[in-house]
Structures are given as structure tokens and as C-alpha cells.
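These notes concern the structure reproduced below.
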Amino acid sequence: MATYSLANEQRLRALEDIEREICAILQNAGTVILELSKEKTKEQLLHRQAAAFTASVQHVEAELSAQIRYLTQVATGQPHEGSSYSSSKDCQMALQRVDYARLKLSDVARTCEQMLEN
Amino acid sequence: MAQQRALPQSKETLLQSYNKRLKDDIKSMMDNFTEIIKTAKIEDETQVSRATQGEQDNYEMHVRASNIVRAGESLMKLVSDLKQFLILNDFPSVNEAIDQRNQQLRALQEECDRKLTALRDEVSIDLYELEEEYYSSRYQ
């Protein structure tokens, strides 16, 4: 199924944002450790990065918990048995009718041209 | 019936395992980060020599940093699993997508049939004239 609903796309985008945030968390942790390794540490930068790390970790935990809570509510454990096959078949038949009509019209046009030439 | 009852339990167990993984990874990240910060503090009195203590702290920090990275990677895998679960099991979204697809196909089919009906009406008028011409000609 190529088209997904808006809500589903929003949830997938939210999960992608969480992935980016996890990368940012690791980057923040690396910056803090790098700063600690220096002889003269910049305290403000250290505090800022550490606070960003903690805030990001808590945000990621909250967001993922919310997603898991939503899935707990909507998951049924059964496979989805809906399909759009019947309407797809009807549409296919309609398009075949159009093709058949086009074919017959081209036959009529060809016959008329032959008559005119004769 | 027993099989139907088994399936929801596995889904519930799966979601519980997701929760557990999330809690464990977050805890691992926070604990290891906190311990690295604590280890960075230079102690005046140590039980072993300063060099040995330095080596020990260095090794400990390496291990804890690796643990943070491992926890981050585990979280990325969890997010990937959640995406897959969402696509397959989010029934409201799947239902909505199926409805949209059905509406699109039905609209296309109605448009085709409407145009064919209009074409039929036009062609029947032309065919009437063609038949008049044909039956009054020498080719009849």
C-alpha cells in the first residue's frame, strides 16, 4: 500500500526525530567527556552540554514511552485482513472498457477513411 | 481459540519487552554518564599510586563510554522495531489508508463510466447519420 494516512506518517516522522535526537545525545556526551579531558575546562560549556544530555535523554524516554503506550492500545495481535482488491478490480475493468471503446472507435474511423478514399 | 489467545499474549509480551529495553538503555546511559563525570574528579588520597589510579580511571572511562554507545545503538534498534510494529499493527492508520485507496479507485471508475456514457450518447447520434448515409449509398 503506497499511501499511508497522515497520522501514521506523523508518528513515523516523530520516530525519525527521536533517532536524530539519540545521535545528538551521543554527541553531547562526547563533547562533555572531551571537555573534561582538557586542562582548562570551560565550565559553562560543560554545564550546558550536560544539561542538554540529560534533557534529551528524558525527552527520548518520554516520547518512546508514549509511542509504546499508543501501540499497546491499538495492537490487536491479529493480522489485518482488509484490502482494496475489489475496488481495484472494478477500476481495472472500467479502464478495460475505456480501452475497448477506444479500439472500436478507431475501427470506425479507419472504416470511414477507407470509404472516403474509395 | 487457544491459538487466538496465544497471539495477543505474544504481542503484549513484545510490547513489554520494548518497555524493558527502553528503561534499561536509558538507565545504562544515565548511570554510565554519571559515573564518568564522577571518575573525572581527581582524588587527593588514593589507595594505589597515582599512575595506577590514572590507568584504572582511563580503562573505566573507556568501558563506560562504550556502554553509552552500546545503549545508544540499542535504542536505535528499538526505534527501528517500533517503526516496523507501527506499520504492521497500527490498524486505525491501515484502515484509513485502505479507505482512501478505495475512494480514489471508485472515483476513477465513476469518472471512466461517466465519460463512456457521454461518449456513447455522442457516438449514437453520429452513428445514426452514418447509417443513413450507408443505407442510402450504393455500398449497401
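Following the order of the C-alpha cells, first chain is A, next is B, and so on, with residues numbered from 1 inside each chain and ligands from 1 in the order they appear.
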For this session: Can you pull out every residue within 12 Å of B:Leu130, counting only C-alpha atoms, but drop anything in the same chain fewer than 3 positions away, and send it as a VMD selection string?
Result: (chain A and resid 108 to 109 111 to 112 115) or (chain B and resid 123 to 127 133 to 137)
What are the residues of chain B lining chain A at 7 Å or less? Count only C-alpha atoms, and put the answer as an mmCIF file with all heavy atoms, in the first residue's frame.
```cif
data_model
loop_
_atom_site.group_PDB
_atom_site.id
_atom_site.type_symbol
_atom_site.label_atom_id
_atom_site.label_comp_id
_atom_site.auth_asym_id
_atom_site.auth_seq_id
_atom_site.Cartn_x
_atom_site.Cartn_y
_atom_site.Cartn_z
ATOM 1 N N LEU B 7 -1.777 -15.437 20.468
ATOM 2 C CA LEU B 7 -1.240 -14.324 19.686
ATOM 3 C C LEU B 7 -1.251 -13.018 20.459
ATOM 4 O O LEU B 7 -0.230 -12.368 20.547
ATOM 5 C CB LEU B 7 -2.005 -14.185 18.378
ATOM 6 C CG LEU B 7 -1.578 -15.139 17.276
ATOM 7 C CD1 LEU B 7 -2.488 -15.016 16.085
ATOM 8 C CD2 LEU B 7 -0.143 -14.881 16.866
ATOM 9 N N PRO B 8 -2.350 -12.560 21.032
ATOM 10 C CA PRO B 8 -2.318 -11.300 21.764
ATOM 11 C C PRO B 8 -1.301 -11.326 22.889
ATOM 12 O O PRO B 8 -0.674 -10.314 23.169
ATOM 13 C CB PRO B 8 -3.725 -11.161 22.311
ATOM 14 C CG PRO B 8 -4.552 -11.934 21.380
ATOM 15 C CD PRO B 8 -3.711 -13.091 20.964
ATOM 16 N N LYS B 11 2.007 -10.448 21.509
ATOM 17 C CA LYS B 11 2.112 -9.016 21.193
ATOM 18 C C LYS B 11 2.319 -8.224 22.471
ATOM 19 O O LYS B 11 3.131 -7.301 22.529
ATOM 20 C CB LYS B 11 0.834 -8.512 20.502
ATOM 21 C CG LYS B 11 0.621 -9.068 19.134
ATOM 22 C CD LYS B 11 1.578 -8.476 18.105
ATOM 23 C CE LYS B 11 1.315 -9.054 16.740
ATOM 24 N NZ LYS B 11 2.352 -8.779 15.783
ATOM 25 N N LEU B 15 5.517 -5.921 23.461
ATOM 26 C CA LEU B 15 5.468 -4.511 23.867
ATOM 27 C C LEU B 15 6.093 -4.327 25.246
ATOM 28 O O LEU B 15 6.763 -3.309 25.499
ATOM 29 C CB LEU B 15 4.023 -4.013 23.850
ATOM 30 C CG LEU B 15 3.447 -3.829 22.449
ATOM 31 C CD1 LEU B 15 1.949 -3.654 22.491
ATOM 32 C CD2 LEU B 15 4.079 -2.636 21.756
ATOM 33 N N ILE B 26 18.055 3.538 28.773
ATOM 34 C CA ILE B 26 18.107 4.892 29.333
ATOM 35 C C ILE B 26 18.883 4.885 30.647
ATOM 36 O O ILE B 26 19.731 5.748 30.900
ATOM 37 C CB ILE B 26 16.682 5.453 29.540
ATOM 38 C CG1 ILE B 26 15.965 5.621 28.199
ATOM 39 C CG2 ILE B 26 16.711 6.744 30.319
ATOM 40 C CD1 ILE B 26 16.513 6.721 27.329
ATOM 41 N N VAL B 69 27.639 4.108 24.216
ATOM 42 C CA VAL B 69 27.449 3.939 22.763
ATOM 43 C C VAL B 69 26.591 2.703 22.483
ATOM 44 O O VAL B 69 25.688 2.719 21.631
ATOM 45 C CB VAL B 69 28.813 3.819 22.052
ATOM 46 C CG1 VAL B 69 28.634 3.409 20.606
ATOM 47 C CG2 VAL B 69 29.567 5.131 22.136
ATOM 48 N N GLY B 72 23.078 3.507 23.168
ATOM 49 C CA GLY B 72 22.539 4.346 22.081
ATOM 50 C C GLY B 72 22.168 3.502 20.875
ATOM 51 O O GLY B 72 21.104 3.680 20.266
ATOM 52 N N MET B 76 18.524 2.800 19.033
ATOM 53 C CA MET B 76 18.247 2.947 17.597
ATOM 54 C C MET B 76 17.551 1.691 17.067
ATOM 55 O O MET B 76 16.612 1.763 16.270
ATOM 56 C CB MET B 76 19.549 3.161 16.811
ATOM 57 C CG MET B 76 20.282 4.424 17.176
ATOM 58 S SD MET B 76 19.432 5.895 16.575
ATOM 59 C CE MET B 76 20.140 6.046 14.953
ATOM 60 N N VAL B 79 13.967 1.789 18.154
ATOM 61 C CA VAL B 79 13.158 2.700 17.334
ATOM 62 C C VAL B 79 12.819 2.030 16.002
ATOM 63 O O VAL B 79 11.691 2.134 15.513
ATOM 64 C CB VAL B 79 13.903 4.032 17.100
ATOM 65 C CG1 VAL B 79 13.179 4.887 16.092
ATOM 66 C CG2 VAL B 79 14.048 4.785 18.406
ATOM 67 N N LYS B 83 9.085 1.220 14.588
ATOM 68 C CA LYS B 83 8.591 1.665 13.272
ATOM 69 C C LYS B 83 7.933 0.495 12.559
ATOM 70 O O LYS B 83 6.847 0.616 11.985
ATOM 71 C CB LYS B 83 9.755 2.162 12.425
ATOM 72 C CG LYS B 83 10.178 3.587 12.666
ATOM 73 C CD LYS B 83 11.233 3.950 11.655
ATOM 74 C CE LYS B 83 11.873 5.252 11.957
ATOM 75 N NZ LYS B 83 12.999 5.519 11.055
ATOM 76 N N LEU B 86 4.686 -0.412 14.162
ATOM 77 C CA LEU B 86 3.669 0.604 13.875
ATOM 78 C C LEU B 86 3.076 0.399 12.489
ATOM 79 O O LEU B 86 1.862 0.443 12.298
ATOM 80 C CB LEU B 86 4.311 1.996 13.971
ATOM 81 C CG LEU B 86 3.403 3.184 13.771
ATOM 82 C CD1 LEU B 86 2.493 3.360 14.966
ATOM 83 C CD2 LEU B 86 4.209 4.456 13.570
ATOM 84 N N ASN B 89 0.921 -2.940 12.597
ATOM 85 C CA ASN B 89 -0.141 -3.163 13.574
ATOM 86 C C ASN B 89 -0.980 -1.937 13.908
ATOM 87 O O ASN B 89 -1.875 -2.037 14.734
ATOM 88 C CB ASN B 89 0.463 -3.692 14.885
ATOM 89 C CG ASN B 89 1.044 -5.078 14.703
ATOM 90 O OD1 ASN B 89 0.326 -6.056 14.570
ATOM 91 N ND2 ASN B 89 2.350 -5.153 14.653
ATOM 92 N N ASP B 90 -0.688 -0.794 13.294
ATOM 93 C CA ASP B 90 -1.493 0.378 13.605
ATOM 94 C C ASP B 90 -2.767 0.315 12.773
ATOM 95 O O ASP B 90 -2.836 0.893 11.682
ATOM 96 C CB ASP B 90 -0.695 1.649 13.306
ATOM 97 C CG ASP B 90 -1.415 2.885 13.789
ATOM 98 O OD1 ASP B 90 -2.484 2.740 14.417
ATOM 99 O OD2 ASP B 90 -0.914 3.990 13.546
ATOM 100 N N PHE B 91 -3.748 -0.420 13.253
ATOM 101 C CA PHE B 91 -4.960 -0.682 12.488
ATOM 102 C C PHE B 91 -5.728 0.574 12.085
ATOM 103 O O PHE B 91 -6.237 0.648 10.968
ATOM 104 C CB PHE B 91 -5.878 -1.646 13.252
ATOM 105 C CG PHE B 91 -5.518 -3.095 13.071
ATOM 106 C CD1 PHE B 91 -4.233 -3.472 12.740
ATOM 107 C CD2 PHE B 91 -6.466 -4.085 13.205
ATOM 108 C CE1 PHE B 91 -3.889 -4.797 12.571
ATOM 109 C CE2 PHE B 91 -6.140 -5.414 13.031
ATOM 110 C CZ PHE B 91 -4.856 -5.779 12.717
ATOM 111 N N SER B 93 -4.655 3.466 11.237
ATOM 112 C CA SER B 93 -3.992 4.045 10.065
ATOM 113 C C SER B 93 -4.148 3.167 8.844
ATOM 114 O O SER B 93 -4.373 3.664 7.730
ATOM 115 C CB SER B 93 -2.508 4.235 10.333
ATOM 116 O OG SER B 93 -2.322 5.121 11.365
ATOM 117 N N GLU B 96 -7.588 3.569 7.513
ATOM 118 C CA GLU B 96 -7.751 4.853 6.838
ATOM 119 C C GLU B 96 -7.090 4.814 5.456
ATOM 120 O O GLU B 96 -7.658 5.331 4.479
ATOM 121 C CB GLU B 96 -7.101 5.944 7.683
ATOM 122 C CG GLU B 96 -7.652 7.325 7.419
ATOM 123 C CD GLU B 96 -7.047 8.356 8.341
ATOM 124 O OE1 GLU B 96 -6.873 8.045 9.535
ATOM 125 O OE2 GLU B 96 -6.744 9.455 7.860
ATOM 126 N N ALA B 97 -5.925 4.186 5.375
ATOM 127 C CA ALA B 97 -5.226 4.093 4.086
ATOM 128 C C ALA B 97 -6.040 3.275 3.099
ATOM 129 O O ALA B 97 -6.151 3.638 1.913
ATOM 130 C CB ALA B 97 -3.845 3.476 4.290
ATOM 131 N N ILE B 98 -6.632 2.168 3.561
ATOM 132 C CA ILE B 98 -7.461 1.335 2.682
ATOM 133 C C ILE B 98 -8.678 2.118 2.212
ATOM 134 O O ILE B 98 -9.039 2.073 1.023
ATOM 135 C CB ILE B 98 -7.896 0.040 3.404
ATOM 136 C CG1 ILE B 98 -6.696 -0.890 3.594
ATOM 137 C CG2 ILE B 98 -8.978 -0.680 2.641
ATOM 138 C CD1 ILE B 98 -7.000 -2.120 4.397
ATOM 139 N N ARG B 101 -7.652 4.627 -0.467
ATOM 140 C CA ARG B 101 -7.356 3.943 -1.723
ATOM 141 C C ARG B 101 -8.661 3.537 -2.419
ATOM 142 O O ARG B 101 -8.804 3.722 -3.624
ATOM 143 C CB ARG B 101 -6.501 2.705 -1.431
ATOM 144 C CG ARG B 101 -6.096 1.935 -2.644
ATOM 145 C CD ARG B 101 -4.869 2.502 -3.282
ATOM 146 N NE ARG B 101 -4.472 1.702 -4.441
ATOM 147 C CZ ARG B 101 -4.184 2.224 -5.616
ATOM 148 N NH1 ARG B 101 -4.244 3.526 -5.788
ATOM 149 N NH2 ARG B 101 -3.817 1.463 -6.613
ATOM 150 N N ASN B 102 -9.612 3.001 -1.633
ATOM 151 C CA ASN B 102 -10.907 2.604 -2.198
ATOM 152 C C ASN B 102 -11.617 3.808 -2.799
ATOM 153 O O ASN B 102 -12.206 3.720 -3.884
ATOM 154 C CB ASN B 102 -11.794 1.965 -1.125
ATOM 155 C CG ASN B 102 -11.395 0.525 -0.836
ATOM 156 O OD1 ASN B 102 -10.772 -0.119 -1.677
ATOM 157 N ND2 ASN B 102 -11.739 0.031 0.332
ATOM 158 N N LEU B 105 -9.938 4.822 -6.129
ATOM 159 C CA LEU B 105 -10.237 3.887 -7.215
ATOM 160 C C LEU B 105 -11.692 4.007 -7.650
ATOM 161 O O LEU B 105 -11.990 3.975 -8.854
ATOM 162 C CB LEU B 105 -9.933 2.449 -6.769
ATOM 163 C CG LEU B 105 -8.442 2.129 -6.561
ATOM 164 C CD1 LEU B 105 -8.276 0.795 -5.865
ATOM 165 C CD2 LEU B 105 -7.711 2.101 -7.891
ATOM 166 N N ARG B 106 -12.583 4.169 -6.662
ATOM 167 C CA ARG B 106 -14.004 4.293 -7.008
ATOM 168 C C ARG B 106 -14.242 5.576 -7.795
ATOM 169 O O ARG B 106 -15.019 5.578 -8.754
ATOM 170 C CB ARG B 106 -14.848 4.291 -5.724
ATOM 171 C CG ARG B 106 -16.023 3.331 -5.800
ATOM 172 C CD ARG B 106 -16.753 3.222 -4.500
ATOM 173 N NE ARG B 106 -16.097 2.322 -3.571
ATOM 174 C CZ ARG B 106 -15.825 2.621 -2.298
ATOM 175 N NH1 ARG B 106 -16.157 3.774 -1.782
ATOM 176 N NH2 ARG B 106 -15.228 1.745 -1.525
ATOM 177 N N LEU B 108 -12.117 7.123 -9.742
ATOM 178 C CA LEU B 108 -11.576 6.924 -11.098
ATOM 179 C C LEU B 108 -12.533 6.080 -11.937
ATOM 180 O O LEU B 108 -12.798 6.380 -13.108
ATOM 181 C CB LEU B 108 -10.201 6.244 -11.002
ATOM 182 C CG LEU B 108 -9.463 5.990 -12.317
ATOM 183 C CD1 LEU B 108 -9.231 7.304 -13.051
ATOM 184 C CD2 LEU B 108 -8.122 5.319 -12.051
ATOM 185 N N GLN B 109 -13.087 5.032 -11.331
ATOM 186 C CA GLN B 109 -14.019 4.162 -12.044
ATOM 187 C C GLN B 109 -15.277 4.931 -12.439
ATOM 188 O O GLN B 109 -15.761 4.809 -13.582
ATOM 189 C CB GLN B 109 -14.394 2.987 -11.135
ATOM 190 C CG GLN B 109 -15.350 1.993 -11.780
ATOM 191 C CD GLN B 109 -16.271 1.365 -10.775
ATOM 192 O OE1 GLN B 109 -15.910 1.207 -9.608
ATOM 193 N NE2 GLN B 109 -17.444 0.988 -11.204
ATOM 194 N N CYS B 112 -14.492 7.222 -15.344
ATOM 195 C CA CYS B 112 -14.412 6.460 -16.609
ATOM 196 C C CYS B 112 -15.806 6.141 -17.125
ATOM 197 O O CYS B 112 -16.110 6.357 -18.323
ATOM 198 C CB CYS B 112 -13.650 5.156 -16.401
ATOM 199 S SG CYS B 112 -11.892 5.366 -16.172
ATOM 200 N N ASP B 113 -16.661 5.649 -16.258
ATOM 201 C CA ASP B 113 -18.008 5.251 -16.678
ATOM 202 C C ASP B 113 -18.828 6.462 -17.125
ATOM 203 O O ASP B 113 -19.600 6.387 -18.086
ATOM 204 C CB ASP B 113 -18.718 4.515 -15.535
ATOM 205 C CG ASP B 113 -18.166 3.110 -15.341
ATOM 206 O OD1 ASP B 113 -17.526 2.599 -16.286
ATOM 207 O OD2 ASP B 113 -18.360 2.520 -14.261
ATOM 208 N N LEU B 116 -17.604 7.418 -20.548
ATOM 209 C CA LEU B 116 -18.045 6.427 -21.522
ATOM 210 C C LEU B 116 -19.520 6.630 -21.861
ATOM 211 O O LEU B 116 -19.920 6.494 -23.027
ATOM 212 C CB LEU B 116 -17.831 5.007 -20.979
ATOM 213 C CG LEU B 116 -16.428 4.411 -21.173
ATOM 214 C CD1 LEU B 116 -16.330 3.065 -20.515
ATOM 215 C CD2 LEU B 116 -16.099 4.293 -22.653
#
```
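Proximity ranking of B:Met30, B:Ala107, B:Ile87, B:Val48 relative to A:Ala51 places B:Met30 first, based on only C-alpha atoms.
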A straight line from atom CA of B:Ile68 to atom CA of B:Asn32 spans 6.4 Å
From atom CA of A:Asn28 to atom CA of A:Ser56 the spacing works out at 9.4 Å
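Residue-level DSSP output for stretch 28-62 of chain B, from the backbone, shows helix (DSSP H, G or I) at Ser28, Met29, Met30, Asp31, Asn32, Phe33, Thr34, Glu35, Ile36, Ile37, Lys38, Thr39, Arg50, Ala51, Thr52, Gln53, Gly54, Glu55, Gln56, Asp57, Asn58, Tyr59, Glu60, Met61 and His62 of chain B.
The two atoms in question, atom CA of B:Leu78 and atom CA of B:Met61, are spaced 25.4 Å apart.
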